[in-house]
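Enquirer: This is the structure, below, for whatever I ask next.
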Amino acid sequence: MGNPSKNSMNNSYPESTSYISFAPPLPRSLNITGGTDWQKQTYQFDPLVKSDVDCSDAFFAEACTCDYCIKQDQATEKAGLLMTVPYLVTIGTTFIFGHYCVHRLGWRAEMVCVAPALLAIAQLMLVFQRKSPLPPLIIHGLGRSVSVAALWPSIPLTVEASVVGTAYGIFICIENLGLAFVPLIIASVYNNFGEKYLPAVGILLIGLSVAGFLVGVGLVYCDRISGGRLRTQQLQIIEDNDMLSDMSSNSSQRLIILHRHAHRIICCVIVNRKLPEHYHS
């Protein structure tokens with residue numbers, strides 16, 4: 001057996017590099033009897049595979065595969081820390097995308113395309129490259145930020161004001177359906193492909209991201225031919241119209257607002273879309 005693990009040439013297992021971490025090798029087979037602190041009296045495995053190793057058992061954790069169990073604990077802790085990266089990125093960037101891309105520029109439909117594209121890129125990197133997982137996790141977080149910033153503000157622009165609450169409820173139901181059933185599909189793929197996440201589960205997630213991107217392309221097209229409702233800077237337009245109707249606004253404020261209106265009209269002409277209904281009065 002040996003602790004630390006040795007290969008056939010009596011060399012220690014390969015040390016981790018900056019990008020790649022090697023698991024310590026396991027014995028090919030076991031036939032051990034005895035041990036008062038062990039969970040079993042006899043350990044017979046031929047061959048011994050990683051699913052046989054139970055690091056909660058003192059036999060494996062302290063005697064047979066101590067180095068393997070130590071590495072497994074370290075990897076589990078590191079993975080937990082890395083999985084916080086997408087959420088931290090989301091916290092730091094959602095406001096930026098929402099303020100500039102949605103509120104100021106009105107890029108809601110385009111962002112619905114960008115979000116799944118970023119998720120697909122992140123999954124491709126996780127599946128097909130063996131370097132640090134940090135860059136794809138950052139990209140994954142950006143995809144989440146773009147998605148959240150684009151989808152939620154789009155709902156009030158696509159339904160009547162009297163049913164906005166219902167629309168939000170339906171949206172959440174659909175979201176939770178995905179959260180309920182996609183993990184079941186992932187578990188099935190995992191079990192049917194040798195209990196390995198890569199590459200099968202990664203390819204499944206890439207496929208879902210590509211499907212989301214195609215839906216986003218369709219949304220952009222439908223929005224263009226239906227008047228570009230998702231591209232309107234709705235809140236700012238309403239605020240500007242209110243200020244223009246307020247005769248107490250000074251001349252410099254009114255000039256700035258009229259300039260913004262002119263800019264929006266020019267943008268509508270350039271992209272060949274209809275003007276928002278506020279401009280037809």
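If you're wondering about the labels, chains in the structure tokens are A, B, ... by order shown, residues count from 1 in each chain, ligands from 1 in order shown.
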Could you produce a table of the residues of segment 158-240 of chain A lying within 8 Å of segment 113-116 of chain A, with the nearest pair of atoms per residue and their separation in Å rounded to one decimal, using only C-alpha atoms, ordered by chain and increasing residue number, as JSON lines?

Expert:
{"residue": "A:Ser209", "atom": "CA", "partner": "A:Pro116", "partner_atom": "CA", "distance": 4.9}
{"residue": "A:Val210", "atom": "CA", "partner": "A:Pro116", "partner_atom": "CA", "distance": 6.7}
{"residue": "A:Gly212", "atom": "CA", "partner": "A:Pro116", "partner_atom": "CA", "distance": 5.6}
{"residue": "A:Phe213", "atom": "CA", "partner": "A:Cys113", "partner_atom": "CA", "distance": 5.0}
{"residue": "A:Leu214", "atom": "CA", "partner": "A:Cys113", "partner_atom": "CA", "distance": 7.5}
{"residue": "A:Val215", "atom": "CA", "partner": "A:Cys113", "partner_atom": "CA", "distance": 7.6}
{"residue": "A:Gly216", "atom": "CA", "partner": "A:Cys113", "partner_atom": "CA", "distance": 4.4}
{"residue": "A:Val217", "atom": "CA", "partner": "A:Cys113", "partner_atom": "CA", "distance": 6.1}

Enquirer: Show which residues sit within 9 Å of segment 51-59 of chain A, as a PyMOL selection string. Count only C-alpha atoms, and ignore same-chain residues fewer than 4 positions away.

Expert: chain A and resi 35+37-40+45+63-66+68-70+72-73

Enquirer: Between atom CA of Ala167 of chain A and atom CA of Ala109 of chain A, what is the distance, to one decimal in Å?

Expert: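 Atom-to-atom, atom CA of Ala167 of chain A to atom CA of Ala109 of chain A, that is 17.4 Å.
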
Enquirer: With only C-alpha atoms as the counted atoms, please give the residues lying no more than 7 Å from segment 206-208 of chain A, apart from itself and same-chain residues fewer than 3 positions off, as a PyMOL selection string.

Expert: chain A and resi 120+123-124+202-203+211-212

Enquirer: Going by DSSP on the backbone, which bits of segment 89-120 of chain A are alpha helix (DSSP H)? Write them as a PyMOL selection string, please.

Expert: chain A and resi 89-96+108-120

Enquirer: Go ahead and save the picked residues with N, CA and C atoms, as a PDB file, in the first residue's frame.

Expert:
ATOM      1  N   VAL A  89     -19.334  37.477  -8.938  1.00  0.00           N
ATOM      2  CA  VAL A  89     -19.338  38.248 -10.181  1.00  0.00           C
ATOM      3  C   VAL A  89     -20.722  38.826 -10.438  1.00  0.00           C
ATOM      4  N   THR A  90     -21.757  38.027 -10.187  1.00  0.00           N
ATOM      5  CA  THR A  90     -23.128  38.496 -10.381  1.00  0.00           C
ATOM      6  C   THR A  90     -23.436  39.682  -9.477  1.00  0.00           C
ATOM      7  N   ILE A  91     -23.011  39.578  -8.217  1.00  0.00           N
ATOM      8  CA  ILE A  91     -23.241  40.676  -7.279  1.00  0.00           C
ATOM      9  C   ILE A  91     -22.577  41.959  -7.761  1.00  0.00           C
ATOM     10  N   GLY A  92     -21.363  41.843  -8.315  1.00  0.00           N
ATOM     11  CA  GLY A  92     -20.603  43.026  -8.689  1.00  0.00           C
ATOM     12  C   GLY A  92     -20.957  43.629 -10.026  1.00  0.00           C
ATOM     13  N   THR A  93     -21.647  42.888 -10.905  1.00  0.00           N
ATOM     14  CA  THR A  93     -21.846  43.378 -12.276  1.00  0.00           C
ATOM     15  C   THR A  93     -23.291  43.541 -12.701  1.00  0.00           C
ATOM     16  N   THR A  94     -24.242  42.940 -11.988  1.00  0.00           N
ATOM     17  CA  THR A  94     -25.639  43.035 -12.420  1.00  0.00           C
ATOM     18  C   THR A  94     -26.113  44.484 -12.467  1.00  0.00           C
ATOM     19  N   PHE A  95     -25.742  45.272 -11.467  1.00  0.00           N
ATOM     20  CA  PHE A  95     -26.146  46.680 -11.461  1.00  0.00           C
ATOM     21  C   PHE A  95     -25.581  47.419 -12.677  1.00  0.00           C
ATOM     22  N   ILE A  96     -24.334  47.103 -13.032  1.00  0.00           N
ATOM     23  CA  ILE A  96     -23.699  47.794 -14.162  1.00  0.00           C
ATOM     24  C   ILE A  96     -24.442  47.489 -15.453  1.00  0.00           C
ATOM     25  N   ARG A 108     -32.231  45.141 -24.220  1.00  0.00           N
ATOM     26  CA  ARG A 108     -32.794  43.982 -23.524  1.00  0.00           C
ATOM     27  C   ARG A 108     -32.738  42.721 -24.377  1.00  0.00           C
ATOM     28  N   ALA A 109     -33.270  42.773 -25.583  1.00  0.00           N
ATOM     29  CA  ALA A 109     -33.318  41.585 -26.439  1.00  0.00           C
ATOM     30  C   ALA A 109     -31.912  41.099 -26.800  1.00  0.00           C
ATOM     31  N   GLU A 110     -31.021  42.040 -27.096  1.00  0.00           N
ATOM     32  CA  GLU A 110     -29.654  41.648 -27.439  1.00  0.00           C
ATOM     33  C   GLU A 110     -28.957  40.966 -26.268  1.00  0.00           C
ATOM     34  N   MET A 111     -29.232  41.439 -25.058  1.00  0.00           N
ATOM     35  CA  MET A 111     -28.615  40.832 -23.881  1.00  0.00           C
ATOM     36  C   MET A 111     -29.145  39.421 -23.624  1.00  0.00           C
ATOM     37  N   VAL A 112     -30.391  39.165 -24.021  1.00  0.00           N
ATOM     38  CA  VAL A 112     -30.927  37.808 -23.922  1.00  0.00           C
ATOM     39  C   VAL A 112     -30.155  36.859 -24.832  1.00  0.00           C
ATOM     40  N   CYS A 113     -29.591  37.353 -25.914  1.00  0.00           N
ATOM     41  CA  CYS A 113     -28.711  36.546 -26.781  1.00  0.00           C
ATOM     42  C   CYS A 113     -27.328  36.376 -26.161  1.00  0.00           C
ATOM     43  N   VAL A 114     -26.812  37.449 -25.599  1.00  0.00           N
ATOM     44  CA  VAL A 114     -25.448  37.432 -25.078  1.00  0.00           C
ATOM     45  C   VAL A 114     -25.325  36.500 -23.878  1.00  0.00           C
ATOM     46  N   ALA A 115     -26.335  36.468 -23.017  1.00  0.00           N
ATOM     47  CA  ALA A 115     -26.264  35.674 -21.785  1.00  0.00           C
ATOM     48  C   ALA A 115     -26.015  34.192 -22.061  1.00  0.00           C
ATOM     49  N   PRO A 116     -26.837  33.495 -22.866  1.00  0.00           N
ATOM     50  CA  PRO A 116     -26.556  32.078 -23.133  1.00  0.00           C
ATOM     51  C   PRO A 116     -25.275  31.860 -23.930  1.00  0.00           C
ATOM     52  N   ALA A 117     -24.883  32.848 -24.747  1.00  0.00           N
ATOM     53  CA  ALA A 117     -23.614  32.710 -25.467  1.00  0.00           C
ATOM     54  C   ALA A 117     -22.450  32.674 -24.487  1.00  0.00           C
ATOM     55  N   LEU A 118     -22.491  33.532 -23.466  1.00  0.00           N
ATOM     56  CA  LEU A 118     -21.449  33.520 -22.436  1.00  0.00           C
ATOM     57  C   LEU A 118     -21.458  32.200 -21.665  1.00  0.00           C
ATOM     58  N   LEU A 119     -22.643  31.688 -21.347  1.00  0.00           N
ATOM     59  CA  LEU A 119     -22.734  30.418 -20.628  1.00  0.00           C
ATOM     60  C   LEU A 119     -22.184  29.277 -21.472  1.00  0.00           C
ATOM     61  N   ALA A 120     -22.449  29.302 -22.781  1.00  0.00           N
ATOM     62  CA  ALA A 120     -21.920  28.262 -23.669  1.00  0.00           C
ATOM     63  C   ALA A 120     -20.395  28.310 -23.719  1.00  0.00           C
TER      64      ALA A 120
END

Enquirer: Counting only C-alpha atoms, what is within 9 Å of Leu126 of chain A, bar same-chain residues fewer than 3 positions away, as a list in words?

Expert: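 Skipping anything fewer than 3 positions along the chain leaves Ile121, Ala122, Gln123, Gln129, Arg130, Lys131, Ser132, Pro133, Pro136, Leu137, Leu198 and Gly202 of chain A.
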
Enquirer: How about saving the chosen residues, all heavy atoms kept, as a JSON list (two decimals), in the first residue's frame?

Expert:
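Once everything was written out, this is part.json:
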[["chain", "number", "residue", "atom", "x", "y", "z"],
["A", 121, "ILE", "N", -19.84, 29.51, -23.79],
["A", 121, "ILE", "CA", -18.38, 29.66, -23.80],
["A", 121, "ILE", "C", -17.79, 29.12, -22.51],
["A", 121, "ILE", "O", -16.77, 28.41, -22.51],
["A", 121, "ILE", "CB", -17.99, 31.13, -24.01],
["A", 121, "ILE", "CG1", -18.38, 31.59, -25.41],
["A", 121, "ILE", "CG2", -16.50, 31.34, -23.78],
["A", 121, "ILE", "CD1", -18.24, 33.08, -25.63],
["A", 122, "ALA", "N", -18.42, 29.43, -21.38],
["A", 122, "ALA", "CA", -17.92, 28.95, -20.08],
["A", 122, "ALA", "C", -17.94, 27.43, -20.03],
["A", 122, "ALA", "O", -16.97, 26.80, -19.57],
["A", 122, "ALA", "CB", -18.77, 29.54, -18.96],
["A", 123, "GLN", "N", -19.02, 26.82, -20.50],
["A", 123, "GLN", "CA", -19.11, 25.36, -20.47],
["A", 123, "GLN", "C", -18.10, 24.71, -21.43],
["A", 123, "GLN", "O", -17.51, 23.67, -21.12],
["A", 123, "GLN", "CB", -20.52, 24.91, -20.83],
["A", 123, "GLN", "CG", -21.56, 25.25, -19.77],
["A", 123, "GLN", "CD", -21.28, 24.56, -18.45],
["A", 123, "GLN", "OE1", -20.75, 23.45, -18.40],
["A", 123, "GLN", "NE2", -21.65, 25.21, -17.36],
["A", 129, "GLN", "N", -10.91, 22.25, -21.84],
["A", 129, "GLN", "CA", -9.59, 22.72, -21.42],
["A", 129, "GLN", "C", -9.31, 22.25, -20.01],
["A", 129, "GLN", "O", -10.22, 22.06, -19.22],
["A", 129, "GLN", "CB", -9.47, 24.24, -21.54],
["A", 129, "GLN", "CG", -10.45, 25.01, -20.65],
["A", 129, "GLN", "CD", -9.81, 25.49, -19.36],
["A", 129, "GLN", "OE1", -8.61, 25.58, -19.25],
["A", 129, "GLN", "NE2", -10.64, 25.79, -18.38],
["A", 130, "ARG", "N", -8.06, 22.03, -19.71],
["A", 130, "ARG", "CA", -7.67, 21.48, -18.42],
["A", 130, "ARG", "C", -6.83, 22.48, -17.62],
["A", 130, "ARG", "O", -5.92, 22.10, -16.90],
["A", 130, "ARG", "CB", -6.88, 20.17, -18.63],
["A", 130, "ARG", "CG", -7.73, 19.03, -19.17],
["A", 130, "ARG", "CD", -8.78, 18.62, -18.15],
["A", 130, "ARG", "NE", -9.58, 17.50, -18.62],
["A", 130, "ARG", "CZ", -10.74, 17.63, -19.25],
["A", 130, "ARG", "NH1", -11.22, 18.85, -19.49],
["A", 130, "ARG", "NH2", -11.42, 16.58, -19.64],
["A", 131, "LYS", "N", -7.14, 23.73, -17.79],
["A", 131, "LYS", "CA", -6.42, 24.75, -17.06],
["A", 131, "LYS", "C", -7.27, 25.21, -15.87],
["A", 131, "LYS", "O", -8.22, 24.54, -15.48],
["A", 131, "LYS", "CB", -6.07, 25.92, -17.97],
["A", 131, "LYS", "CG", -5.10, 25.53, -19.10],
["A", 131, "LYS", "CD", -4.73, 26.72, -19.95],
["A", 131, "LYS", "CE", -3.74, 26.32, -21.04],
["A", 131, "LYS", "NZ", -3.35, 27.47, -21.89],
["A", 132, "SER", "N", -6.94, 26.32, -15.29],
["A", 132, "SER", "CA", -7.66, 26.81, -14.13],
["A", 132, "SER", "C", -9.14, 27.01, -14.45],
["A", 132, "SER", "O", -9.49, 27.59, -15.49],
["A", 132, "SER", "CB", -7.05, 28.13, -13.66],
["A", 132, "SER", "OG", -7.87, 28.72, -12.67],
["A", 133, "PRO", "N", -10.05, 26.59, -13.57],
["A", 133, "PRO", "CA", -11.48, 26.81, -13.81],
["A", 133, "PRO", "C", -11.93, 28.24, -13.52],
["A", 133, "PRO", "O", -13.09, 28.57, -13.76],
["A", 133, "PRO", "CB", -12.14, 25.83, -12.84],
["A", 133, "PRO", "CG", -11.17, 25.70, -11.71],
["A", 133, "PRO", "CD", -9.80, 25.81, -12.34],
["A", 136, "PRO", "N", -13.48, 30.39, -16.78],
["A", 136, "PRO", "CA", -14.85, 30.05, -17.17],
["A", 136, "PRO", "C", -15.89, 30.34, -16.10],
["A", 136, "PRO", "O", -17.03, 30.68, -16.43],
["A", 136, "PRO", "CB", -14.77, 28.54, -17.47],
["A", 136, "PRO", "CG", -13.53, 28.06, -16.84],
["A", 136, "PRO", "CD", -12.60, 29.21, -16.86],
["A", 137, "LEU", "N", -15.51, 30.25, -14.84],
["A", 137, "LEU", "CA", -16.47, 30.57, -13.78],
["A", 137, "LEU", "C", -16.78, 32.07, -13.75],
["A", 137, "LEU", "O", -17.92, 32.48, -13.48],
["A", 137, "LEU", "CB", -15.93, 30.12, -12.43],
["A", 137, "LEU", "CG", -15.90, 28.60, -12.20],
["A", 137, "LEU", "CD1", -15.24, 28.27, -10.87],
["A", 137, "LEU", "CD2", -17.30, 28.01, -12.26],
["A", 198, "LEU", "N", -17.97, 14.92, -16.96],
["A", 198, "LEU", "CA", -17.36, 15.37, -18.21],
["A", 198, "LEU", "C", -17.03, 14.16, -19.09],
["A", 198, "LEU", "O", -16.57, 13.14, -18.59],
["A", 198, "LEU", "CB", -16.09, 16.17, -17.92],
["A", 198, "LEU", "CG", -16.29, 17.45, -17.10],
["A", 198, "LEU", "CD1", -14.94, 18.13, -16.83],
["A", 198, "LEU", "CD2", -17.24, 18.42, -17.78],
["A", 202, "GLY", "N", -21.38, 18.27, -19.48],
["A", 202, "GLY", "CA", -20.96, 19.55, -20.04],
["A", 202, "GLY", "C", -21.55, 19.78, -21.42],
["A", 202, "GLY", "O", -21.99, 20.90, -21.74]]

Enquirer: For segment 156-160 of chain A, find every residue with an atom within 12 Å (counting only C-alpha atoms), except residues of its own chain fewer than 2 positions away, and show them as a PyMOL selection string.

Expert: chain A and resi 106+108-109+150-154+162-168+171+219+222-223+226-235+276

Enquirer: For those residues, write C-alpha atoms to a file as a short mmCIF file (atom, residue, chain, number, x, y, z; two decimals), in the first residue's frame.

Expert:
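Produced file out.cif, reproduced below:
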data_model
loop_
_atom_site.label_atom_id
_atom_site.label_comp_id
_atom_site.auth_asym_id
_atom_site.auth_seq_id
_atom_site.Cartn_x
_atom_site.Cartn_y
_atom_site.Cartn_z
CA GLY A 106 -32.29 49.57 -24.05
CA ARG A 108 -32.79 43.98 -23.52
CA ALA A 109 -33.32 41.59 -26.44
CA ALA A 150 -32.18 41.78 -19.22
CA LEU A 151 -35.08 39.45 -18.42
CA TRP A 152 -36.74 40.98 -15.37
CA PRO A 153 -37.02 44.57 -16.72
CA SER A 154 -38.44 43.22 -20.01
CA SER A 162 -52.92 45.20 -15.23
CA VAL A 163 -51.28 41.75 -15.55
CA VAL A 164 -47.65 42.54 -14.70
CA GLY A 165 -47.90 40.66 -11.40
CA THR A 166 -49.34 37.61 -13.16
CA ALA A 167 -46.56 37.75 -15.74
CA TYR A 168 -43.92 37.77 -13.02
CA PHE A 171 -42.00 33.72 -15.22
CA LEU A 219 -36.58 37.42 -29.70
CA CYS A 222 -39.57 39.51 -33.29
CA ASP A 223 -38.81 42.70 -31.36
CA SER A 226 -42.99 44.47 -33.84
CA GLY A 227 -41.76 47.97 -33.14
CA GLY A 228 -38.72 47.54 -30.92
CA ARG A 229 -40.58 47.68 -27.64
CA LEU A 230 -37.72 45.98 -25.78
CA ARG A 231 -35.25 48.59 -27.05
CA THR A 232 -37.14 51.58 -25.70
CA GLN A 233 -35.64 53.49 -22.81
CA GLN A 234 -39.11 53.50 -21.32
CA LEU A 235 -38.50 54.97 -17.88
CA PRO A 276 -42.33 54.24 -29.21
#

Enquirer: I need the residues of segment 4-220 of chain A that end up classed as strand (DSSP E or B) by DSSP on the backbone, written out as a list in words.

Expert: Lys6, Ser12, Leu30, Asn31, Ile32, Thr33, Thr42, Tyr43, Gln44 and Phe45 of chain A

Enquirer: Restricting it to all heavy atoms, dump the selection as a PDB file, in the first residue's frame.

Expert:
ATOM      1  N   LYS A   6       3.057   5.473  -3.711  1.00  0.00           N
ATOM      2  CA  LYS A   6       4.232   5.274  -4.562  1.00  0.00           C
ATOM      3  C   LYS A   6       3.794   4.576  -5.835  1.00  0.00           C
ATOM      4  O   LYS A   6       2.862   3.770  -5.838  1.00  0.00           O
ATOM      5  CB  LYS A   6       5.285   4.414  -3.856  1.00  0.00           C
ATOM      6  CG  LYS A   6       5.749   4.941  -2.496  1.00  0.00           C
ATOM      7  CD  LYS A   6       6.661   6.133  -2.629  1.00  0.00           C
ATOM      8  CE  LYS A   6       7.202   6.571  -1.262  1.00  0.00           C
ATOM      9  NZ  LYS A   6       8.130   7.709  -1.357  1.00  0.00           N
ATOM     10  N   SER A  12       7.005   9.073  -5.497  1.00  0.00           N
ATOM     11  CA  SER A  12       5.747   9.620  -5.022  1.00  0.00           C
ATOM     12  C   SER A  12       4.872  10.024  -6.199  1.00  0.00           C
ATOM     13  O   SER A  12       5.349  10.271  -7.315  1.00  0.00           O
ATOM     14  CB  SER A  12       6.007  10.824  -4.119  1.00  0.00           C
ATOM     15  OG  SER A  12       6.757  10.440  -2.984  1.00  0.00           O
ATOM     16  N   LEU A  30      -7.091  -4.997  -2.833  1.00  0.00           N
ATOM     17  CA  LEU A  30      -6.916  -5.038  -1.384  1.00  0.00           C
ATOM     18  C   LEU A  30      -7.424  -6.370  -0.836  1.00  0.00           C
ATOM     19  O   LEU A  30      -8.438  -6.901  -1.304  1.00  0.00           O
ATOM     20  CB  LEU A  30      -7.688  -3.903  -0.700  1.00  0.00           C
ATOM     21  CG  LEU A  30      -7.134  -2.479  -0.773  1.00  0.00           C
ATOM     22  CD1 LEU A  30      -8.085  -1.530  -0.061  1.00  0.00           C
ATOM     23  CD2 LEU A  30      -5.746  -2.395  -0.178  1.00  0.00           C
ATOM     24  N   ASN A  31      -6.708  -6.880   0.168  1.00  0.00           N
ATOM     25  CA  ASN A  31      -7.173  -8.052   0.925  1.00  0.00           C
ATOM     26  C   ASN A  31      -6.585  -7.931   2.325  1.00  0.00           C
ATOM     27  O   ASN A  31      -5.545  -8.488   2.642  1.00  0.00           O
ATOM     28  CB  ASN A  31      -6.744  -9.352   0.247  1.00  0.00           C
ATOM     29  CG  ASN A  31      -7.375 -10.565   0.905  1.00  0.00           C
ATOM     30  OD1 ASN A  31      -8.115 -10.454   1.880  1.00  0.00           O
ATOM     31  ND2 ASN A  31      -7.085 -11.742   0.367  1.00  0.00           N
ATOM     32  N   ILE A  32      -7.253  -7.124   3.150  1.00  0.00           N
ATOM     33  CA  ILE A  32      -6.747  -6.773   4.472  1.00  0.00           C
ATOM     34  C   ILE A  32      -7.744  -7.219   5.537  1.00  0.00           C
ATOM     35  O   ILE A  32      -8.953  -7.041   5.387  1.00  0.00           O
ATOM     36  CB  ILE A  32      -6.507  -5.258   4.592  1.00  0.00           C
ATOM     37  CG1 ILE A  32      -5.580  -4.764   3.465  1.00  0.00           C
ATOM     38  CG2 ILE A  32      -5.929  -4.905   5.955  1.00  0.00           C
ATOM     39  CD1 ILE A  32      -4.185  -5.315   3.529  1.00  0.00           C
ATOM     40  N   THR A  33      -7.242  -7.777   6.613  1.00  0.00           N
ATOM     41  CA  THR A  33      -8.079  -8.198   7.737  1.00  0.00           C
ATOM     42  C   THR A  33      -7.512  -7.639   9.030  1.00  0.00           C
ATOM     43  O   THR A  33      -6.295  -7.622   9.215  1.00  0.00           O
ATOM     44  CB  THR A  33      -8.151  -9.734   7.834  1.00  0.00           C
ATOM     45  OG1 THR A  33      -8.659 -10.261   6.600  1.00  0.00           O
ATOM     46  CG2 THR A  33      -9.070 -10.155   8.979  1.00  0.00           C
ATOM     47  N   THR A  42     -12.827  -7.008   7.436  1.00  0.00           N
ATOM     48  CA  THR A  42     -12.137  -7.455   6.228  1.00  0.00           C
ATOM     49  C   THR A  42     -12.395  -6.475   5.096  1.00  0.00           C
ATOM     50  O   THR A  42     -13.531  -6.041   4.883  1.00  0.00           O
ATOM     51  CB  THR A  42     -12.608  -8.865   5.809  1.00  0.00           C
ATOM     52  OG1 THR A  42     -12.388  -9.771   6.885  1.00  0.00           O
ATOM     53  CG2 THR A  42     -11.850  -9.350   4.580  1.00  0.00           C
ATOM     54  N   TYR A  43     -11.347  -6.154   4.356  1.00  0.00           N
ATOM     55  CA  TYR A  43     -11.440  -5.285   3.187  1.00  0.00           C
ATOM     56  C   TYR A  43     -10.882  -6.042   1.991  1.00  0.00           C
ATOM     57  O   TYR A  43      -9.673  -6.254   1.890  1.00  0.00           O
ATOM     58  CB  TYR A  43     -10.667  -3.986   3.420  1.00  0.00           C
ATOM     59  CG  TYR A  43     -11.257  -3.122   4.507  1.00  0.00           C
ATOM     60  CD1 TYR A  43     -10.947  -3.349   5.849  1.00  0.00           C
ATOM     61  CD2 TYR A  43     -12.129  -2.095   4.205  1.00  0.00           C
ATOM     62  CE1 TYR A  43     -11.496  -2.556   6.850  1.00  0.00           C
ATOM     63  CE2 TYR A  43     -12.678  -1.295   5.198  1.00  0.00           C
ATOM     64  CZ  TYR A  43     -12.361  -1.530   6.516  1.00  0.00           C
ATOM     65  OH  TYR A  43     -12.912  -0.761   7.504  1.00  0.00           O
ATOM     66  N   GLN A  44     -11.770  -6.461   1.110  1.00  0.00           N
ATOM     67  CA  GLN A  44     -11.373  -7.212  -0.078  1.00  0.00           C
ATOM     68  C   GLN A  44     -11.932  -6.503  -1.312  1.00  0.00           C
ATOM     69  O   GLN A  44     -13.150  -6.376  -1.458  1.00  0.00           O
ATOM     70  CB  GLN A  44     -11.888  -8.650  -0.020  1.00  0.00           C
ATOM     71  CG  GLN A  44     -11.232  -9.507   1.059  1.00  0.00           C
ATOM     72  CD  GLN A  44     -11.751 -10.923   1.074  1.00  0.00           C
ATOM     73  OE1 GLN A  44     -12.846 -11.207   0.604  1.00  0.00           O
ATOM     74  NE2 GLN A  44     -10.954 -11.842   1.614  1.00  0.00           N
ATOM     75  N   PHE A  45     -11.048  -6.019  -2.144  1.00  0.00           N
ATOM     76  CA  PHE A  45     -11.439  -5.353  -3.379  1.00  0.00           C
ATOM     77  C   PHE A  45     -10.483  -5.787  -4.484  1.00  0.00           C
ATOM     78  O   PHE A  45      -9.268  -5.674  -4.340  1.00  0.00           O
ATOM     79  CB  PHE A  45     -11.369  -3.822  -3.238  1.00  0.00           C
ATOM     80  CG  PHE A  45     -12.263  -3.265  -2.168  1.00  0.00           C
ATOM     81  CD1 PHE A  45     -11.757  -3.000  -0.906  1.00  0.00           C
ATOM     82  CD2 PHE A  45     -13.592  -3.004  -2.439  1.00  0.00           C
ATOM     83  CE1 PHE A  45     -12.577  -2.478   0.079  1.00  0.00           C
ATOM     84  CE2 PHE A  45     -14.421  -2.474  -1.456  1.00  0.00           C
ATOM     85  CZ  PHE A  45     -13.914  -2.214  -0.186  1.00  0.00           C
TER      86      PHE A  45
END
